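Everything below concerns the one structure shown next.
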Amino acid sequence: MISPLAYVDPSAKLGNNVTVHPFAYIDKNVEIGDNNVIMPYASLMSGTRMGNGNTVYQGAVIAAVPQDFCYTGEDTIARIGDNNVIRENAVITRGTHAEHDTVLGNGNFIMQGVRISHDVEIGNECIIGNGSQVSGNCKIFDRAILTSNVLMQGNTRLGSYSIVQGGCRFTKDIPPFIVAAHEPISFYSINTHVLEHEGFPETLIKHIAQAYRILYKANTSQNDALLRIREQVPNSEHINMIIDFVSSSKLGIIH
């Protein structure tokens with residue numbers, strides 16, 4: 001299943017039923033699992049660790065050298081999970097230091113021209129839209145969406161089930177379950193359509209909406225808002241996700 005026109009370093013470790021198309025490049029210090037498809041002109045550079053069932057399209061680069069002045073040339077890792085789609089010309093950069101990998105979880109869809117920088121952590125079933133840029137040390141939680149041409153500045157976080165509308169940029173954290181929009185970016189609404197699609201009960205969606213009304217509309221401090229959410233909104237795993245995300249934010253959340 002490996003084209004004679006592809007380059008595969010003799011030391012690379014490939015699993016079963018891997019298809020490597022002509023002109024693909026697989027470097028030394030690469031390990032990939034079963035049932036992966038590597039399209040023409042895709043490059044898996046040193047430090048790639050890939051699970052099973054992924055498809056890497058033309059021109060994509062996995063485990064590119066970090067664009068970080070702190071990088072000293074050590075062997076570092078870009079860790080890709082299972083069943084991801086990585087489209088044309090996307091670039092995923094490996095970690096800056098050996099103790100911290102760049103991580104892409106399972107079932108993600110990385111669209112054309114995306115750049116995922118060093119030491120980024122992306123969860124499961126996320127969508128990163130065409131041309132979006134995820135800067136170094138960012139974290140994207142499960143089932144979050146960046147639409148096209150979003151700029152996610154370094155060290156920021158995007159919460160689960162949230163969506164950022166096209167062309168936005170942000171320098172603070174975006175909590176879970178919301179839609180972020182406008183320039184400058186701000187809270188727009190809760191992400192009702194996606195939550196309904198994912199099977200969230202109507203009552204839970206109302207509780208999430210109530211929590212965000214307190215957080216964004218109550219004209220009170222963030223700490224007071226979190227106390228009011230604890231007191232006034234019925235407790236659940238998802239309400240605790242909001243509280244934990246906001247209270248743990250180092251950069252603060254968007255307005």
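Ordered as shown in the structure tokens, chains take letters A, B, and onward, while each chain numbers its residues from 1 and ligands are numbered from 1 in the order shown.
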Next item on the list: Please provide as a PyMOL selection string all residues within 7 Å of segment 140-153 of chain A, with the sequence filter that same-chain residues fewer than 4 positions apart are discarded (counting only C-alpha atoms).
Entry: chain A and resi 121-135+157-171
Set out as a tab-separated table a contact list for segment 75-186 of chain A and segment 26-43 of chain A with a cut-off of 12 Å, giving each residue of segment 75-186 of chain A that qualifies its closest atom pair and distance in Å to one decimal, counting only C-alpha atoms, ordered by chain and rising residue number.
```
residue	atom	partner	partner_atom	distance
A:Asp75	CA	A:Asn29	CA	9.0
A:Thr76	CA	A:Asn29	CA	10.0
A:Ile77	CA	A:Val30	CA	9.5
A:Ala78	CA	A:Val30	CA	9.9
A:Arg79	CA	A:Glu31	CA	9.8
A:Ile80	CA	A:Ile32	CA	9.0
A:Gly81	CA	A:Gly33	CA	9.5
A:Asp82	CA	A:Gly33	CA	8.8
A:Asn83	CA	A:Asn36	CA	8.5
A:Asn84	CA	A:Asn36	CA	9.6
A:Val85	CA	A:Val37	CA	9.8
A:Ile86	CA	A:Ile38	CA	9.9
A:Arg87	CA	A:Met39	CA	9.8
A:Glu88	CA	A:Ala42	CA	8.4
A:Asn89	CA	A:Ala42	CA	8.2
A:Ala90	CA	A:Ala42	CA	9.5
A:Val91	CA	A:Ser43	CA	9.5
A:Ile92	CA	A:Ser43	CA	10.5
A:Thr93	CA	A:Ser43	CA	11.8
```
Report task. If you run DSSP over the backbone, which residues in segment 25-139 of chain A end up strand (DSSP E)? Put them as number ranges by chain. Result -> A: 25-26, 31-32, 37-38, 43-44, 48-50, 55-56, 61-64, 78-80, 85-86, 91-93, 102-104, 109-110, 115-116, 121-122, 127-128, 133-134, 139
Computed gap from atom CA of Ala6 of chain A to atom CA of Tyr25 of chain A is 6.1 Å
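Rounded to one decimal, atom CA of Phe200 of chain A and atom CA of His182 of chain A lie 26.3 Å from each other.
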re atom CA of Asn106 of chain A and atom CA of Thr55 of chain A: distance 12.1 Å
- Task: Tell me, as an MDAnalysis selection string, which residues lie within 10 Å of Pro234 of chain A, counting only C-alpha atoms; anything in the same chain fewer than 6 positions away does not count.
- Result: chainID A and resid 204 207:208 210:211
Write to file, as an mmCIF file, in the first residue's frame, the residues of the selection just made, with C-alpha atoms.
```
data_model
loop_
_atom_site.group_PDB
_atom_site.id
_atom_site.type_symbol
_atom_site.label_atom_id
_atom_site.label_comp_id
_atom_site.auth_asym_id
_atom_site.auth_seq_id
_atom_site.Cartn_x
_atom_site.Cartn_y
_atom_site.Cartn_z
ATOM 1 C CA LEU A 204 -30.487 21.783 30.782
ATOM 2 C CA HIS A 207 -30.154 26.253 32.935
ATOM 3 C CA ILE A 208 -27.112 27.016 30.770
ATOM 4 C CA GLN A 210 -29.728 31.199 32.958
ATOM 5 C CA ALA A 211 -26.087 30.822 34.014
#
```
inquiry  = List the spatial neighbours of Thr192 of chain A as a PyMOL selection string - criterion: any atom at most 8 Å away, only C-alpha atoms, same-chain residues fewer than 3 positions off excluded.
reply    = chain A and resi 195-196+205
- List every residue of segment 72-204 of chain A that DSSP, applied to the backbone, labels as alpha helix (DSSP H), and write the result as a PyMOL selection string. chain A and resi 192-197+202-204
Export, as an mmCIF file, in the first residue's frame, the selected residues with N, CA and C atoms.
```cif
data_model
loop_
_atom_site.group_PDB
_atom_site.id
_atom_site.type_symbol
_atom_site.label_atom_id
_atom_site.label_comp_id
_atom_site.auth_asym_id
_atom_site.auth_seq_id
_atom_site.Cartn_x
_atom_site.Cartn_y
_atom_site.Cartn_z
ATOM 1 N N THR A 192 -27.413 27.224 21.145
ATOM 2 C CA THR A 192 -28.623 26.405 21.271
ATOM 3 C C THR A 192 -28.737 25.358 20.169
ATOM 4 N N HIS A 193 -28.476 25.733 18.933
ATOM 5 C CA HIS A 193 -28.651 24.808 17.813
ATOM 6 C C HIS A 193 -27.790 23.569 17.995
ATOM 7 N N VAL A 194 -26.516 23.763 18.331
ATOM 8 C CA VAL A 194 -25.620 22.620 18.507
ATOM 9 C C VAL A 194 -26.022 21.802 19.729
ATOM 10 N N LEU A 195 -26.380 22.471 20.811
ATOM 11 C CA LEU A 195 -26.769 21.738 22.015
ATOM 12 C C LEU A 195 -28.001 20.874 21.759
ATOM 13 N N GLU A 196 -28.984 21.412 21.029
ATOM 14 C CA GLU A 196 -30.155 20.608 20.677
ATOM 15 C C GLU A 196 -29.757 19.447 19.780
ATOM 16 N N HIS A 197 -28.872 19.704 18.816
ATOM 17 C CA HIS A 197 -28.424 18.655 17.907
ATOM 18 C C HIS A 197 -27.708 17.545 18.665
ATOM 19 N N GLU A 202 -34.021 20.047 27.051
ATOM 20 C CA GLU A 202 -34.471 21.440 27.032
ATOM 21 C C GLU A 202 -34.234 22.121 28.381
ATOM 22 N N THR A 203 -34.473 21.380 29.465
ATOM 23 C CA THR A 203 -34.281 21.955 30.793
ATOM 24 C C THR A 203 -32.831 22.337 31.028
ATOM 25 N N LEU A 204 -31.912 21.485 30.606
ATOM 26 C CA LEU A 204 -30.487 21.783 30.782
ATOM 27 C C LEU A 204 -30.083 23.005 29.954
#
```
Choose the residue, out of A:Thr156, A:Ile62, A:Asn16, A:His100, that has the smallest atom-to-atom separation from Ile116 of chain A; count only C-alpha atoms.
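The closest residue to Ile116 of chain A is A:Ile62.
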Counting only C-alpha atoms, the option among A:Ile185, A:Ala60, A:Leu226, A:Cys138 closest to Leu251 of chain A:
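Counting only C-alpha atoms, the residue closest to Leu251 of chain A is A:Cys138.
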Among the residues A:Gln58, A:Ser46, A:Ser249, A:Gln232, the one that comes closest to Asp173 of chain A [using only C-alpha atoms]: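 Nearest to Asp173 of chain A: A:Ser249.
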